[in-house]
Amino acid sequence: MMRPLLLLLLLVAGSARAELVIEITQGRDNPTSVAVVPFAWSGWGSAPDDVAGVISDDLERSGQFAPVKLADMLSLPTREADVYFRDWRTTDVEYLMIGRVAGGSSITVEWELFDVFRQTKVLSGRETGPPEDLRMLAHRASDEVYQQLTGIRGAFATRILYVAVTQRFDAPSTYQLTVADADGARSEVIYESNEPILSPTWAPDGKTIAYVSFETSRPAVFMHDLDTGIREQLTDFKGLNGAPSFSPDGNSLALTLSKDGSPDIYVLDLGSRQLRRVTRHYAIDTEPAWMPDGRSLLFTSDRGGRPQIYRVDIATGKTERVTFDGPWNARASLAADGRTMVMVQQKDNQFHIAVQDLQGGRVQTLTSTTLDESPSVAPNGSMLLYATKSGDRGILAAVSVDGGVKFRLPSRDGDVREPAWSPFLGDP
Amino acid sequence: MKHFFDASKALAVIFAVLFMVGCASTDTTEDTSQPDTTEQDQAREEAERDRMEAEKARMQALEDAVAAAGNVVYFDFDKSTLNSATRRVLDAHIALLKENNGSVRLEGHADERGTREYNMALGERRAKAVADYMAVNGIARYRIETVSYGEERPAVAGSNEAAWSKNRRVEIK
């Protein structure tokens with residue numbers, strides 16, 4: 001009797017998941033015009049996904065490209081021999097991408113990218129994988145095109161974690177820890193609870209995650225293997241157990257515990273399970289974030305009266321204040337370059353996402369909404385995801401690290417919050 | 001504190017049964033020996049009944065005071081200080097806690113502004129401020145449990161000061 005019931009619950013959880021939709025709100029001036037022609041399909045039935053559409057949307061979402069609409073294409077070549085550059089030159093298309101998808105027990109995507117003005121092929125590629133990963137194969141093609149045309153590694157073939165919440169005041173609320181592709185597609189609920197779930201974060205392997213769950217009626221840090229689904233409760237200390245953050249080598253987890261009185265930063269060695277106390281202050285110390293060298297941590301502390309970002313050397317405990325712009329700065333997170341720090345900044349009673357150059361010290365406000373939080377930078381450092389409010393609803397939004405490009409990922413229903421962008425992922 | 005009331009009721013029933021059993025057995029022995037002490041017994045019983053009723057009324061007054069004070073205390077933005085109104089609410093709870101052996105769970109909360117983990121710490125600081133006040137006023141630490149929900153469990157929906165002021169709170173359970 002248990003099994004059909006369990007299956008039913010899983011189906012219900014699956015159907016109730018919060019699907020994200022993308023709305024681009026701000027792009028760059030003079031984006032590069034690129035035409036991604038619908039790919040040819042050879043295989044049984046019809047193609048399971050519109051590969052050209054996925055690639056086109058990826059490029060558009062970066063804000064740096066303006067994809068050509070299907071209706072504006074004068075011809076629809078799918079092979080190099082069928083390409084007539086004049087069809088594209090007359091409509092000022094700068095780059096042309098064509099391709100073919102072959103289905104079967106595995107699926108293959110082949111594609112070519114042409115420079116229309118030079119009339120040359122600049123790149124070609126071939127991706128193979130299981131049919132259910134077709135969208136990921138398309139994102140990988142996007143990554144290669146993006147890198148060829150911008151010089152920056154693409155981060156389209158990545159995933160995001162977020163928490164989808166149905167808040168109720170007359171009945172238990174529902175919290176769904178969700179993983180999806182970076183474009184919000186293929187969302188999957190990985191853990192659901194009536195008690196709060198927060199602070200999801202990725203290990204550098206892109207397969208292990210950690211988060212805080214209140215399922216025991218108290219906060220506890222859990223580690224979760226996305227491949228096997230195996231969960232492990234890491235902490236069960238008195239008081240706060242929160243803000244997990246994996247070290248760059250994946251061997252340790254920084255976290256906040258208040259077991260010794262006030263909230264302090266600790267580092268848990270995931271091999272030996274030894275706990276090391278890093279900060280020691282009666283104020284609130286929380287939200288640790290690793291520097292890329294793994295030797296020091298950024299964290300939020302109100303030891304100066306109001307929250308500001310500090311940096312502590314793990315070995316020596318030497319601590320210095322990092323933020324001086326504005327009365328309230330919290331939840332630092334660092335781009336892979338080790339110098340671009342994003343954070344939540346309060347100014348004039350509004351909460352925005354701001355970016356600070358740790359070397360130059362320059363601070364720039366990136367967002368203009370009022371309740372922005374939980375910034376998470378893409379592994380290539382180009383964009384960051386954050387949570388904000390639209391009306392009464394929690395939504396996810398993205399902004400480029402220079403503030404030039406913006407898009408939103410509202411959920412079709414319920415609140416979504418606490419996005420965490422995965423590292424670069426290996427082969428699925 | 002709900003659990004305690006249930007437990008106390010159960011205990012009261014047990015004691016009442018034991019008391020009746022005790023009375024019944026003494027009654028049978030007394031019946032055969034000295035009937036002239038009945039008046040003294042009646043006076044004693046009456047005094048005992050009065051004392052228990054007074055005690056019951058006193059407990060009822062303490063419970064009424066807690067009901068009137070409510071189970072929630074509120075805080076200013078980013079603050080965990082207890083004002084005089086908050087202390088009055090807590091004093092009512094402390095007076096009742098002193099009369100029983102129940103435990104109390106203090107759930108700290110924050111409004112939605114600011115970051116989630118910082119708010120988790122802020123909720124704990126508020127719960128601890130209430131716990132400290134109770135401890136200073138004679139409630140043993142082991143009877144007090146604190147837990148913070150940060151901004152994860154708002155009491156009221158909405159992104160305005162009216163809602164925020166209702167969400168910056170400690171719930172006494």
# chains A, B, ... in the order shown; residues from 1 in each chain; ligands from 1
$ residues_around --residues "Phe114 of chain A" --least-positions-apart "5" --cutoff "6 Å" --atoms "only C-alpha atoms" --output "ChimeraX atom specification"
/A:95-96,120-122
$ write_last_selection --atoms "C-alpha atoms" --output "CSV table (one decimal), in the first residue's frame"
chain,number,residue,atom,x,y,z
A,95,TYR,CA,26.3,36.0,-37.6
A,96,LEU,CA,24.4,32.9,-38.8
A,120,THR,CA,33.2,32.3,-43.7
A,121,LYS,CA,32.5,29.6,-41.2
A,122,VAL,CA,34.0,30.6,-37.9
$ select_by_dssp --residues "segment 147-314 of chain A" --states "strand (DSSP E or B)" --output "MDAnalysis selection string"
chainID A and resid 159:166 174:181 188:193 197:202 208:213 220:225 231:233 241:246 252:257 264:269 275:277 285:290 296:301 308:313
$ write_last_selection --atoms "C-alpha atoms" --output "PDB file, in the first residue's frame"
ATOM      1  CA  ARG A 159      21.845  24.969 -13.327  1.00  0.00           C
ATOM      2  CA  ILE A 160      20.267  26.979 -10.550  1.00  0.00           C
ATOM      3  CA  LEU A 161      18.884  26.116  -7.129  1.00  0.00           C
ATOM      4  CA  TYR A 162      16.068  28.089  -5.568  1.00  0.00           C
ATOM      5  CA  VAL A 163      13.366  27.779  -2.930  1.00  0.00           C
ATOM      6  CA  ALA A 164       9.736  27.944  -4.099  1.00  0.00           C
ATOM      7  CA  VAL A 165       7.305  28.818  -1.334  1.00  0.00           C
ATOM      8  CA  THR A 166       3.548  28.736  -1.039  1.00  0.00           C
ATOM      9  CA  THR A 174       5.034  24.580   1.561  1.00  0.00           C
ATOM     10  CA  TYR A 175       8.760  24.983   0.902  1.00  0.00           C
ATOM     11  CA  GLN A 176      10.210  23.317  -2.218  1.00  0.00           C
ATOM     12  CA  LEU A 177      13.936  23.174  -2.803  1.00  0.00           C
ATOM     13  CA  THR A 178      14.129  23.200  -6.589  1.00  0.00           C
ATOM     14  CA  VAL A 179      16.841  22.703  -9.199  1.00  0.00           C
ATOM     15  CA  ALA A 180      16.410  23.921 -12.790  1.00  0.00           C
ATOM     16  CA  ASP A 181      18.451  24.741 -15.866  1.00  0.00           C
ATOM     17  CA  GLU A 188      12.665  19.546 -10.442  1.00  0.00           C
ATOM     18  CA  VAL A 189      11.695  19.591  -6.750  1.00  0.00           C
ATOM     19  CA  ILE A 190      14.496  17.900  -4.823  1.00  0.00           C
ATOM     20  CA  TYR A 191      13.160  18.333  -1.311  1.00  0.00           C
ATOM     21  CA  GLU A 192       9.801  19.493  -0.003  1.00  0.00           C
ATOM     22  CA  SER A 193       8.787  20.411   3.540  1.00  0.00           C
ATOM     23  CA  ILE A 197      14.169  25.615   3.779  1.00  0.00           C
ATOM     24  CA  LEU A 198      16.808  28.271   3.135  1.00  0.00           C
ATOM     25  CA  SER A 199      20.363  29.111   2.078  1.00  0.00           C
ATOM     26  CA  PRO A 200      20.879  26.479  -0.654  1.00  0.00           C
ATOM     27  CA  THR A 201      24.441  26.412  -1.962  1.00  0.00           C
ATOM     28  CA  TRP A 202      26.513  24.348  -4.418  1.00  0.00           C
ATOM     29  CA  THR A 208      26.531  18.124  -4.004  1.00  0.00           C
ATOM     30  CA  ILE A 209      24.509  20.866  -2.357  1.00  0.00           C
ATOM     31  CA  ALA A 210      23.985  22.067   1.207  1.00  0.00           C
ATOM     32  CA  TYR A 211      21.078  23.957   2.747  1.00  0.00           C
ATOM     33  CA  VAL A 212      19.293  24.723   5.994  1.00  0.00           C
ATOM     34  CA  SER A 213      16.094  22.852   6.821  1.00  0.00           C
ATOM     35  CA  ALA A 220      19.968  22.151  10.818  1.00  0.00           C
ATOM     36  CA  VAL A 221      22.448  22.052   7.922  1.00  0.00           C
ATOM     37  CA  PHE A 222      21.934  19.231   5.436  1.00  0.00           C
ATOM     38  CA  MET A 223      24.118  17.957   2.612  1.00  0.00           C
ATOM     39  CA  HIS A 224      22.341  16.440  -0.399  1.00  0.00           C
ATOM     40  CA  ASP A 225      23.785  14.447  -3.308  1.00  0.00           C
ATOM     41  CA  ARG A 231      20.651  13.444   2.309  1.00  0.00           C
ATOM     42  CA  GLU A 232      22.790  13.800   5.384  1.00  0.00           C
ATOM     43  CA  GLN A 233      22.211  16.032   8.396  1.00  0.00           C
ATOM     44  CA  ASN A 241      22.847  26.243  12.296  1.00  0.00           C
ATOM     45  CA  GLY A 242      22.996  28.221   9.090  1.00  0.00           C
ATOM     46  CA  ALA A 243      24.605  29.948   6.104  1.00  0.00           C
ATOM     47  CA  PRO A 244      26.558  26.956   4.685  1.00  0.00           C
ATOM     48  CA  SER A 245      29.282  27.706   2.119  1.00  0.00           C
ATOM     49  CA  PHE A 246      31.597  25.119   0.504  1.00  0.00           C
ATOM     50  CA  SER A 252      35.231  22.108   4.058  1.00  0.00           C
ATOM     51  CA  LEU A 253      32.011  23.903   4.821  1.00  0.00           C
ATOM     52  CA  ALA A 254      31.921  27.331   6.438  1.00  0.00           C
ATOM     53  CA  LEU A 255      28.776  27.932   8.473  1.00  0.00           C
ATOM     54  CA  THR A 256      27.194  29.981  11.244  1.00  0.00           C
ATOM     55  CA  LEU A 257      26.608  28.448  14.665  1.00  0.00           C
ATOM     56  CA  ASP A 264      30.000  33.028  14.968  1.00  0.00           C
ATOM     57  CA  ILE A 265      31.653  31.627  11.831  1.00  0.00           C
ATOM     58  CA  TYR A 266      32.943  28.040  11.977  1.00  0.00           C
ATOM     59  CA  VAL A 267      34.617  25.790   9.401  1.00  0.00           C
ATOM     60  CA  LEU A 268      33.624  22.118   9.322  1.00  0.00           C
ATOM     61  CA  ASP A 269      36.142  19.712   7.774  1.00  0.00           C
ATOM     62  CA  LEU A 275      34.881  21.891  13.675  1.00  0.00           C
ATOM     63  CA  ARG A 276      37.047  24.997  13.825  1.00  0.00           C
ATOM     64  CA  ARG A 277      35.823  28.268  15.253  1.00  0.00           C
ATOM     65  CA  ASP A 285      28.791  37.130  12.630  1.00  0.00           C
ATOM     66  CA  THR A 286      27.151  35.264   9.757  1.00  0.00           C
ATOM     67  CA  GLU A 287      26.930  34.702   5.969  1.00  0.00           C
ATOM     68  CA  PRO A 288      30.468  33.412   5.358  1.00  0.00           C
ATOM     69  CA  ALA A 289      31.765  33.396   1.750  1.00  0.00           C
ATOM     70  CA  TRP A 290      35.139  31.957   0.740  1.00  0.00           C
ATOM     71  CA  SER A 296      40.098  33.665   4.215  1.00  0.00           C
ATOM     72  CA  LEU A 297      36.374  34.293   4.464  1.00  0.00           C
ATOM     73  CA  LEU A 298      34.174  37.279   3.907  1.00  0.00           C
ATOM     74  CA  PHE A 299      31.325  37.555   6.405  1.00  0.00           C
ATOM     75  CA  THR A 300      28.622  39.885   7.685  1.00  0.00           C
ATOM     76  CA  SER A 301      28.985  41.330  11.187  1.00  0.00           C
ATOM     77  CA  GLN A 308      29.008  45.442   7.325  1.00  0.00           C
ATOM     78  CA  ILE A 309      31.248  43.020   5.416  1.00  0.00           C
ATOM     79  CA  TYR A 310      34.505  41.883   7.040  1.00  0.00           C
ATOM     80  CA  ARG A 311      37.276  39.546   5.955  1.00  0.00           C
ATOM     81  CA  VAL A 312      38.907  37.074   8.344  1.00  0.00           C
ATOM     82  CA  ASP A 313      42.095  35.073   7.826  1.00  0.00           C
TER      83      ASP A 313
END
$ atom_distance --atom1 "atom CA of Ser105 of chain A" --atom2 "atom CA of Arg135 of chain A"
15.7 Å
$ residues_around --residues "Lys238 of chain A" --least-positions-apart "4" --cutoff "10 Å" --atoms "only C-alpha atoms" --output "list of chain:residue names"
A:Arg218, A:Pro219, A:Ala220, A:Leu257, A:Ser258, A:Lys259, A:Asp260, A:Gly261, B:Glu145, B:Thr146, B:Val147
$ interface_residues --of "chain B" --to "chain A" --cutoff "9 Å" --atoms "only C-alpha atoms" --output "JSON, numbers by chain"
{"B": [78, 112, 113, 114, 115, 116, 117, 118, 120, 121, 122, 124, 125, 146, 147, 148, 149, 152, 153, 154, 155, 156, 157, 158, 159]}
$ residues_around --residues "Arg141 of chain B" --least-positions-apart "4" --cutoff "9 Å" --atoms "only C-alpha atoms" --output "VMD selection string"
chain B and resid 131 to 132 134 to 135 145
$ write_last_selection --atoms "C-alpha atoms" --output "tab-separated table (two decimals), in the first residue's frame"
chain	number	residue	atom	x	y	z
B	131	ALA	CA	15.00	34.47	27.54
B	132	ASP	CA	17.52	36.64	29.44
B	134	MET	CA	12.88	35.61	32.06
B	135	ALA	CA	16.06	34.12	33.54
B	145	GLU	CA	14.08	26.99	24.71
$ residues_around --residues "Asp82 of chain A" --least-positions-apart "6" --cutoff "12 Å" --atoms "only C-alpha atoms" --output "list in words"
Val37, Ser75, Leu76, Ile98 and Gly99 of chain A
$ select_by_dssp --residues "segment 118-349 of chain A" --states "helix (DSSP H, G or I)" --output "ChimeraX atom specification"
/A:131-150
$ atom_distance --atom1 "atom CA of Leu96 of chain B" --atom2 "atom CA of Gln60 of chain B"
9.7 Å
$ closest_residue --among "A:Met341, A:Ala420, A:Ile230, A:Ile353" --to "Thr388 of chain A" --atoms "only C-alpha atoms"
A:Ile353
$ closest_residue --among "B:Ala95, B:Val104, B:Ala162, B:Ala110" --to "Phe77 of chain B" --atoms "only C-alpha atoms"
B:Ala110
